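Engineer: My structure file model-v5.csv, CSV, C-alpha atoms, is below:
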```
chain,number,residue,atom,x,y,z
A,958,MET,CA,76.6,194.8,-64.6
A,959,PRO,CA,80.0,196.6,-64.4
A,960,HIS,CA,81.9,196.4,-61.1
A,961,ASP,CA,80.0,193.4,-59.8
A,962,HIS,CA,82.4,191.1,-57.9
A,963,HIS,CA,82.4,187.8,-59.8
A,964,ASP,CA,85.0,185.2,-60.4
A,965,HIS,CA,84.5,185.4,-64.2
A,966,LEU,CA,84.5,189.2,-64.6
A,967,SER,CA,87.5,191.5,-64.8
A,968,PRO,CA,87.4,194.8,-62.8
A,969,SER,CA,86.1,196.4,-66.0
A,970,GLY,CA,83.0,194.2,-65.9
A,971,HIS,CA,83.9,192.2,-68.9
A,972,PRO,CA,84.5,188.4,-68.8
A,973,TYR,CA,88.0,187.2,-68.8
A,974,ARG,CA,89.2,185.7,-72.0
A,975,SER,CA,90.6,182.3,-71.4
A,976,ASP,CA,94.3,181.8,-72.0
A,977,ASN,CA,95.4,180.1,-75.2
A,978,ASP,CA,96.9,177.0,-73.5
A,979,ALA,CA,95.6,174.6,-76.1
A,980,PRO,CA,98.3,172.6,-77.9
A,981,LEU,CA,99.5,173.9,-81.2
A,982,SER,CA,97.5,172.7,-84.2
A,983,TYR,CA,99.0,170.5,-87.0
A,984,TRP,CA,99.3,173.6,-89.2
A,985,GLN,CA,100.8,175.8,-86.6
A,986,VAL,CA,103.5,173.2,-86.0
A,987,MET,CA,104.0,172.9,-89.7
A,988,GLU,CA,104.4,176.7,-90.1
A,989,ILE,CA,107.0,176.8,-87.3
A,990,ALA,CA,108.9,173.8,-88.7
A,991,VAL,CA,109.0,175.2,-92.2
A,992,ARG,CA,110.0,178.7,-91.1
A,993,GLU,CA,112.8,177.4,-88.8
A,994,LEU,CA,114.1,175.0,-91.6
A,995,MET,CA,114.1,177.9,-94.1
A,996,ILE,CA,116.0,180.1,-91.7
A,997,GLU,CA,118.4,177.3,-90.9
A,998,LYS,CA,119.1,176.6,-94.6
A,999,GLY,CA,119.6,180.3,-95.3
A,1000,GLU,CA,116.6,180.6,-97.6
A,1001,VAL,CA,115.3,183.6,-95.5
A,1002,THR,CA,116.5,185.3,-92.4
A,1003,ALA,CA,114.4,185.9,-89.3
A,1004,ALA,CA,114.8,189.6,-89.9
A,1005,GLU,CA,113.2,189.2,-93.4
A,1006,VAL,CA,110.3,187.3,-91.9
A,1007,ALA,CA,109.7,190.0,-89.3
A,1008,ALA,CA,110.0,192.7,-91.9
A,1009,GLN,CA,107.4,191.1,-94.1
A,1010,ILE,CA,105.0,190.8,-91.1
A,1011,ASP,CA,105.7,194.5,-90.4
A,1012,ALA,CA,105.0,195.4,-94.1
A,1013,MET,CA,101.7,193.5,-94.0
A,1014,ASP,CA,100.7,195.2,-90.7
A,1015,ALA,CA,101.6,198.6,-92.1
A,1016,ARG,CA,99.0,198.4,-94.9
A,1017,ASN,CA,95.8,200.1,-93.7
A,1018,PRO,CA,92.7,201.9,-95.1
A,1019,SER,CA,94.6,205.3,-95.3
A,1020,HIS,CA,96.1,203.9,-98.5
A,1021,GLY,CA,92.7,203.4,-100.1
A,1022,ALA,CA,91.5,206.8,-98.7
A,1023,ARG,CA,94.4,208.5,-100.7
A,1024,VAL,CA,93.2,206.7,-103.8
A,1025,VAL,CA,89.6,207.7,-103.3
A,1026,ALA,CA,90.5,211.4,-102.5
A,1027,ARG,CA,92.6,211.6,-105.6
A,1028,ALA,CA,89.8,210.2,-107.8
A,1029,TRP,CA,87.4,212.8,-106.3
A,1030,ASP,CA,89.9,215.6,-107.1
A,1031,GLU,CA,91.3,214.6,-110.4
A,1032,PRO,CA,88.8,213.6,-113.2
A,1033,GLU,CA,91.6,212.0,-115.3
A,1034,PHE,CA,92.7,209.8,-112.4
A,1035,ARG,CA,89.1,208.9,-111.7
A,1036,ALA,CA,88.7,207.7,-115.3
A,1037,ALA,CA,92.0,205.8,-115.2
A,1038,LEU,CA,91.0,204.2,-111.9
A,1039,LEU,CA,87.6,203.0,-113.2
A,1040,ALA,CA,89.2,201.8,-116.5
A,1041,ASP,CA,92.2,199.9,-114.9
A,1042,ALA,CA,92.5,200.2,-111.1
A,1043,THR,CA,95.4,197.8,-111.0
A,1044,ASN,CA,97.7,200.1,-112.9
A,1045,ALA,CA,96.2,203.4,-111.6
A,1046,THR,CA,96.9,202.3,-108.0
A,1047,ARG,CA,100.3,200.7,-108.8
A,1048,GLU,CA,101.5,204.1,-110.1
A,1049,MET,CA,100.6,205.5,-106.7
A,1050,GLY,CA,102.9,202.9,-105.1
A,1051,PHE,CA,100.2,200.5,-104.0
A,1052,ASP,CA,101.2,197.3,-105.8
A,1053,ILE,CA,98.6,194.6,-105.6
A,1054,GLY,CA,101.1,191.9,-106.7
A,1055,PRO,CA,99.7,189.1,-108.9
A,1056,MET,CA,96.1,190.1,-108.3
A,1057,ASN,CA,94.1,192.7,-110.2
A,1058,LEU,CA,92.0,195.4,-108.9
A,1059,VAL,CA,88.5,196.6,-110.0
A,1060,ALA,CA,87.1,199.9,-108.8
A,1061,VAL,CA,83.3,200.3,-108.8
A,1062,GLU,CA,81.8,203.8,-108.4
A,1063,ASN,CA,78.9,204.8,-106.2
A,1064,THR,CA,76.6,207.4,-107.8
A,1065,GLN,CA,73.1,208.8,-107.2
A,1066,ASP,CA,71.7,205.7,-108.8
A,1067,VAL,CA,74.0,202.9,-107.9
A,1068,HIS,CA,75.4,201.6,-104.6
A,1069,ASN,CA,78.1,198.9,-104.7
A,1070,VAL,CA,79.1,196.5,-101.9
A,1071,ILE,CA,81.9,193.9,-101.9
A,1072,VAL,CA,81.8,190.4,-100.5
A,1073,CYS,CA,83.8,187.2,-100.9
A,1074,THR,CA,81.4,184.3,-100.4
A,1075,LEU,CA,84.0,181.6,-101.0
A,1076,CYS,CA,86.6,182.9,-98.5
A,1077,SER,CA,87.8,186.3,-97.6
A,1078,CYS,CA,89.3,188.0,-100.7
A,1079,TYR,CA,89.9,191.6,-99.8
A,1080,PRO,CA,92.0,194.5,-101.3
A,1081,ARG,CA,94.7,194.2,-98.6
A,1082,ASN,CA,97.2,196.4,-100.4
A,1083,LEU,CA,94.7,199.3,-100.0
A,1084,LEU,CA,92.8,198.5,-96.9
A,1085,GLY,CA,95.1,196.2,-94.8
A,1086,LEU,CA,93.7,193.2,-93.1
A,1087,PRO,CA,89.9,192.6,-93.4
A,1088,PRO,CA,87.7,193.1,-90.4
A,1089,ASP,CA,86.6,189.9,-88.6
A,1090,TRP,CA,83.0,190.4,-89.7
A,1091,TYR,CA,84.0,190.4,-93.4
A,1092,LYS,CA,85.1,186.8,-93.0
A,1093,THR,CA,82.0,185.6,-91.1
A,1094,ARG,CA,79.6,183.1,-92.7
A,1095,GLU,CA,76.8,185.5,-91.9
A,1096,TYR,CA,78.2,188.5,-93.8
A,1097,ARG,CA,79.3,186.2,-96.7
A,1098,SER,CA,75.9,184.4,-97.1
A,1099,ARG,CA,73.6,187.3,-96.3
A,1100,THR,CA,75.2,190.0,-98.4
A,1101,VAL,CA,74.4,188.1,-101.7
A,1102,LYS,CA,70.9,187.3,-100.6
A,1103,GLU,CA,69.6,190.4,-98.7
A,1104,PRO,CA,72.2,193.1,-99.2
A,1105,ARG,CA,69.8,195.9,-98.3
A,1106,LYS,CA,69.1,194.4,-94.9
A,1107,VAL,CA,72.8,193.9,-94.3
A,1108,LEU,CA,73.5,197.5,-95.3
A,1109,ALA,CA,70.7,198.8,-93.1
A,1110,GLU,CA,72.4,197.0,-90.1
A,1111,PHE,CA,75.5,199.0,-91.0
A,1112,GLY,CA,73.4,202.2,-91.0
A,1113,VAL,CA,73.1,202.5,-94.8
A,1114,GLU,CA,69.5,202.8,-95.9
A,1115,LEU,CA,69.2,202.5,-99.7
A,1116,PRO,CA,66.2,204.2,-101.3
A,1117,ASP,CA,64.2,202.0,-103.6
A,1118,ASN,CA,65.3,204.0,-106.7
A,1119,VAL,CA,69.0,203.2,-106.0
A,1120,THR,CA,70.2,200.0,-107.6
A,1121,CYS,CA,72.3,197.8,-105.3
A,1122,ARG,CA,75.2,196.0,-107.0
A,1123,VAL,CA,76.8,193.2,-105.0
A,1124,HIS,CA,80.3,192.1,-106.2
A,1125,ASP,CA,81.3,188.6,-105.2
A,1126,SER,CA,85.2,188.3,-105.4
A,1127,THR,CA,85.2,184.7,-106.7
A,1128,ALA,CA,88.5,184.5,-108.4
A,1129,ASP,CA,91.5,186.7,-109.3
A,1130,MET,CA,90.0,190.2,-108.9
A,1131,ARG,CA,90.0,192.4,-105.8
A,1132,TYR,CA,87.4,195.2,-105.5
A,1133,ILE,CA,87.3,198.6,-104.0
A,1134,VAL,CA,84.3,200.9,-103.9
A,1135,LEU,CA,84.8,204.5,-104.9
A,1136,PRO,CA,82.3,206.1,-102.6
A,1137,ALA,CA,80.3,209.2,-103.6
A,1138,ARG,CA,82.0,212.5,-102.8
A,1139,PRO,CA,80.2,214.3,-100.0
A,1140,LYS,CA,78.5,217.6,-100.8
A,1141,GLY,CA,80.1,220.7,-99.4
A,1142,THR,CA,83.7,219.7,-100.2
A,1143,ASP,CA,84.4,221.8,-103.2
A,1144,GLY,CA,88.0,223.1,-103.3
A,1145,TRP,CA,89.1,220.8,-100.5
A,1146,THR,CA,92.7,219.4,-100.6
A,1147,GLN,CA,93.2,215.7,-101.2
A,1148,GLU,CA,94.6,215.4,-97.7
A,1149,ALA,CA,91.4,216.9,-96.2
A,1150,LEU,CA,89.2,214.8,-98.5
A,1151,ALA,CA,91.0,211.6,-97.5
A,1152,GLU,CA,89.9,212.2,-93.9
A,1153,LEU,CA,86.3,211.6,-94.9
A,1154,VAL,CA,87.0,208.2,-96.5
A,1155,THR,CA,86.3,205.3,-94.1
A,1156,ARG,CA,87.3,201.7,-94.5
A,1157,ASP,CA,83.6,200.7,-94.6
A,1158,SER,CA,82.9,203.3,-97.4
A,1159,MET,CA,85.4,201.5,-99.5
A,1160,ILE,CA,83.8,198.1,-98.9
A,1161,GLY,CA,80.4,199.5,-99.5
A,1162,THR,CA,79.0,198.9,-96.0
A,1163,GLY,CA,79.3,202.6,-95.3
A,1164,LEU,CA,79.3,206.0,-96.9
A,1165,ALA,CA,82.0,208.7,-96.8
A,1166,LYS,CA,81.7,211.0,-93.8
A,1167,GLN,CA,79.9,214.2,-94.2
A,1168,PRO,CA,82.0,217.4,-93.6
B,892,MET,CA,85.1,183.7,-126.3
B,893,TYR,CA,82.2,185.7,-125.1
B,894,GLU,CA,81.6,189.4,-125.6
B,895,PRO,CA,80.4,192.0,-123.1
B,896,GLY,CA,76.6,192.2,-123.2
B,897,GLN,CA,76.2,188.6,-124.3
B,898,THR,CA,73.7,186.4,-122.4
B,899,VAL,CA,75.2,183.3,-120.9
B,900,ARG,CA,74.3,180.5,-118.5
B,901,ILE,CA,76.5,179.1,-115.8
B,902,ARG,CA,76.8,175.4,-116.2
B,903,ALA,CA,75.3,173.4,-113.4
B,904,LEU,CA,78.3,171.1,-112.9
B,905,GLN,CA,79.1,169.4,-109.6
B,906,PRO,CA,82.8,168.5,-109.9
B,907,PRO,CA,84.7,167.5,-106.8
B,908,GLY,CA,87.7,169.5,-105.5
B,909,HIS,CA,88.5,173.2,-105.4
B,910,VAL,CA,86.3,175.2,-107.7
B,911,ARG,CA,85.6,179.0,-107.6
B,912,THR,CA,82.1,179.0,-109.1
B,913,PRO,CA,79.7,179.5,-106.2
B,914,HIS,CA,76.8,177.0,-106.0
B,915,TYR,CA,74.2,179.7,-105.9
B,916,LEU,CA,75.1,180.8,-109.4
B,917,ARG,CA,75.1,177.4,-111.1
B,918,GLY,CA,72.4,177.0,-113.7
B,919,LYS,CA,71.7,180.8,-113.6
B,920,THR,CA,71.6,183.1,-116.6
B,921,GLY,CA,73.5,186.4,-116.7
B,922,VAL,CA,75.2,188.9,-118.9
B,923,ILE,CA,78.9,189.3,-119.6
B,924,GLU,CA,79.9,192.5,-117.8
B,925,ARG,CA,83.5,192.5,-119.0
B,926,VAL,CA,86.3,190.2,-120.1
B,927,LEU,CA,89.1,190.1,-117.6
B,928,GLY,CA,91.6,188.1,-119.6
B,929,PRO,CA,93.3,184.7,-119.3
B,930,TYR,CA,94.1,183.4,-115.8
B,931,GLU,CA,95.5,180.1,-114.6
B,932,ASN,CA,92.7,177.7,-113.8
B,933,PRO,CA,92.5,177.5,-109.9
B,934,GLU,CA,91.0,174.0,-110.2
B,935,GLN,CA,94.5,172.8,-111.0
B,936,ARG,CA,96.5,175.5,-109.4
B,937,ALA,CA,95.0,174.8,-106.0
B,938,TYR,CA,96.7,171.4,-106.1
B,939,MET,CA,100.0,172.7,-107.5
B,940,LEU,CA,99.3,171.0,-110.8
B,941,PRO,CA,100.1,172.5,-114.2
B,942,ALA,CA,97.3,175.0,-114.6
B,943,PRO,CA,96.3,176.1,-118.2
B,944,GLU,CA,95.1,179.6,-118.6
B,945,LYS,CA,91.3,180.1,-119.1
B,946,PRO,CA,89.5,183.2,-120.0
B,947,LEU,CA,87.9,184.8,-117.0
B,948,TYR,CA,84.7,187.0,-117.2
B,949,ARG,CA,82.7,189.1,-114.9
B,950,VAL,CA,79.1,188.0,-115.2
B,951,ARG,CA,76.2,190.1,-114.0
B,952,PHE,CA,73.0,188.5,-112.7
B,953,SER,CA,69.8,190.1,-111.5
B,954,MET,CA,68.7,189.2,-108.0
B,955,ALA,CA,65.4,188.0,-109.5
B,956,GLU,CA,67.3,185.5,-111.6
B,957,ILE,CA,69.3,184.2,-108.7
B,958,TRP,CA,66.7,184.1,-105.9
B,959,GLY,CA,63.4,184.1,-107.8
B,960,ASP,CA,60.4,185.1,-105.7
B,961,GLY,CA,62.7,185.3,-102.7
B,962,ALA,CA,64.7,188.2,-104.1
B,963,GLU,CA,64.9,191.1,-101.8
B,964,HIS,CA,64.8,193.7,-104.6
B,965,PRO,CA,64.6,192.0,-108.0
B,966,GLU,CA,66.4,194.7,-110.0
B,967,ASP,CA,69.5,194.7,-107.8
B,968,THR,CA,72.4,192.8,-109.3
B,969,LEU,CA,75.2,190.5,-108.4
B,970,ASP,CA,78.5,190.3,-110.3
B,971,ALA,CA,80.9,187.4,-110.0
B,972,GLU,CA,84.1,186.2,-111.8
B,973,ILE,CA,83.5,183.0,-113.7
B,974,TYR,CA,85.9,181.0,-115.9
B,975,GLU,CA,85.0,180.2,-119.4
B,976,HIS,CA,84.7,176.5,-119.0
B,977,TRP,CA,81.8,177.2,-116.6
B,978,ILE,CA,79.9,179.3,-119.2
B,979,GLU,CA,77.6,178.4,-122.1
B,980,ALA,CA,75.8,180.6,-124.5
B,981,ALA,CA,72.1,181.3,-123.6
B,982,HIS,CA,69.1,183.3,-124.7
B,983,ALA,CA,68.0,186.3,-122.7
B,984,ALA,CA,65.8,185.2,-119.9
```
For the structure just supplied, provide its representation as C-alpha cells.
Structural biologist:
Amino acid sequence: MPHDHHDHLSPSGHPYRSDNDAPLSYWQVMEIAVRELMIEKGEVTAAEVAAQIDAMDARNPSHGARVVARAWDEPEFRAALLADATNATREMGFDIGPMNLVAVENTQDVHNVIVCTLCSCYPRNLLGLPPDWYKTREYRSRTVKEPRKVLAEFGVELPDNVTCRVHDSTADMRYIVLPARPKGTDGWTQEALAELVTRDSMIGTGLAKQP
Amino acid sequence: MYEPGQTVRIRALQPPGHVRTPHYLRGKTGVIERVLGPYENPEQRAYMLPAPEKPLYRVRFSMAEIWGDGAEHPEDTLDAEIYEHWIEAAHAA
C-alpha cells in the first residue's frame, strides 16, 4: 500500500530499516583493535587497508564475462580454460591467489550449477562478492537436493534429457560455469559477447542473455 | 592414490572439529572425477596447526546414490572435493 500514512512506512511505502544502534560484537571490536594496533606499529597503513577494500569492491562479474566471451571466441583459450582455469585466467590478469579455479561447461546435454554447502566459497576474483542468496541456508541446502526446482525458481527450466551437474565447493577449488553461447552471435566481438554474460549464468542459476 | 574413474566410498567418520567433508556424502559411493593434487589438510590448518598435505580429489556421485528414492532426478550428479583420508576403495554400486 504505497503512500499510506503510517508511522513505520517511509514515503516510498517501504518500512523503515531500523538504525544499527546495537553495541559492537566481540569480533567487530577485535577487528578494530587489531587493525588499529597494526597501523600503530607500522605493519600496514590506513591507506593500504582502504586500498585493499577498494580492490575487493572493484572485482565484479564483468571480469568473468570477459573470460567467458574469450572462451566462446577462441577455441584454444576455451580448451585451456577447461583444462586449467587457474592459469588460463591468471594469464588474463585475474589472479585467484592461493585458490584454484575449475571451469565447467554447459552444453546441449549438461547444465552445471555451483553451490558451497559448507559456507560461501565463490570465485570472487572473477565475480566479486557473492549475492546474499548464495550464502543462505536455503540455497545451500536445496541446491544439492532439488537443483531443478531451485533452477526453475531462477527461471531456468531444464528438460529431462539434460543432465544437471551440481558442484559443491567443499575445499580448495572455486568454480565458474562456462555458459552455452547464445545462437545468432556468429562473428560478434568479444566485447559484444561479454554483454550477454550475466553473473547468474556463471553461477549456473541463469543462462546467457539472448541477442 | 586413486585414479580417475575409480569407484570409491566416502568414509562415514564423525570426527569433532573443522572438517570439509559434508555429512550428506558420508558413506556414499562415487567415482573419482579428477585428481586435484596435494593440499594442506584443513582439519589442522583451521586451528593454525602444522597441516600435512593430503591428496585432494573431485568425486562424482549420482543423485540416486545420495538421496535414494528421494532423488529429484536420479541421473543428475553432484561433484565435491574430498581429501584422501576420507576415501576408501569400493566396488561399483
Engineer: Which residues come within 9 Å of Ala980 (chain B), counting all atoms listed in the file, excluding same-chain residues fewer than 3 positions away, as a list in words?
Structural biologist: Tyr893, Gln897, Thr898, Val899, Arg900 and Ile901 of chain B
Engineer: How far is it from CA of Asn1118 (chain A) to CA of Glu956 (chain B), in Å with one decimal?
Structural biologist: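 According to the coordinates, CA of Asn1118 (chain A) and CA of Glu956 (chain B) are separated by 19.2 Å.
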Engineer: To one decimal place, how far is CA of Thr1046 (chain A) from CA of Asn1082 (chain A) in Å?
Structural biologist: 9.6 Å
Engineer: Please identify all residues of chain B having at least one atom at most 6 Å from any atom of chain A, considering all atoms listed in the file, and return them as a list in words.
Structural biologist: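 Listed by rising number, the hits are Arg911, Glu963, Asp967, Thr968, Leu969, Asp970, Ala971 and Glu972 of chain B.
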Engineer: Considering all atoms listed in the file, state which residue in the set A:Val1025, A:Arg1099, A:Ser1158, A:Arg1094 is at the smallest distance from Gly1112 (chain A).
Structural biologist: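 Of A:Val1025, A:Arg1099, A:Ser1158, A:Arg1094, the one nearest Gly1112 (chain A) is A:Ser1158, counting all atoms listed in the file.
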Engineer: Suppose you want the space between CA of Ala1003 (chain A) and CA of Glu988 (chain A); what is it in Å?
Structural biologist: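 One can read the CA of Ala1003 (chain A) to CA of Glu988 (chain A) distance as 13.6 Å.
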Engineer: Show me as number ranges by chain the residues that reach within 12 Å of (98.6, 176.0, -119.0), counting all atoms listed in the file and using the file's own coordinates.
Structural biologist: B: 929-936, 940-946
Engineer: Which residue is closest to Ile973 (chain B)? Choose from B:Arg949, B:His909, B:His914, B:Lys919 and count all atoms listed in the file.
Structural biologist: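 Ranking B:Arg949, B:His909, B:His914, B:Lys919 by distance to Ile973 (chain B), first place goes to B:Arg949.
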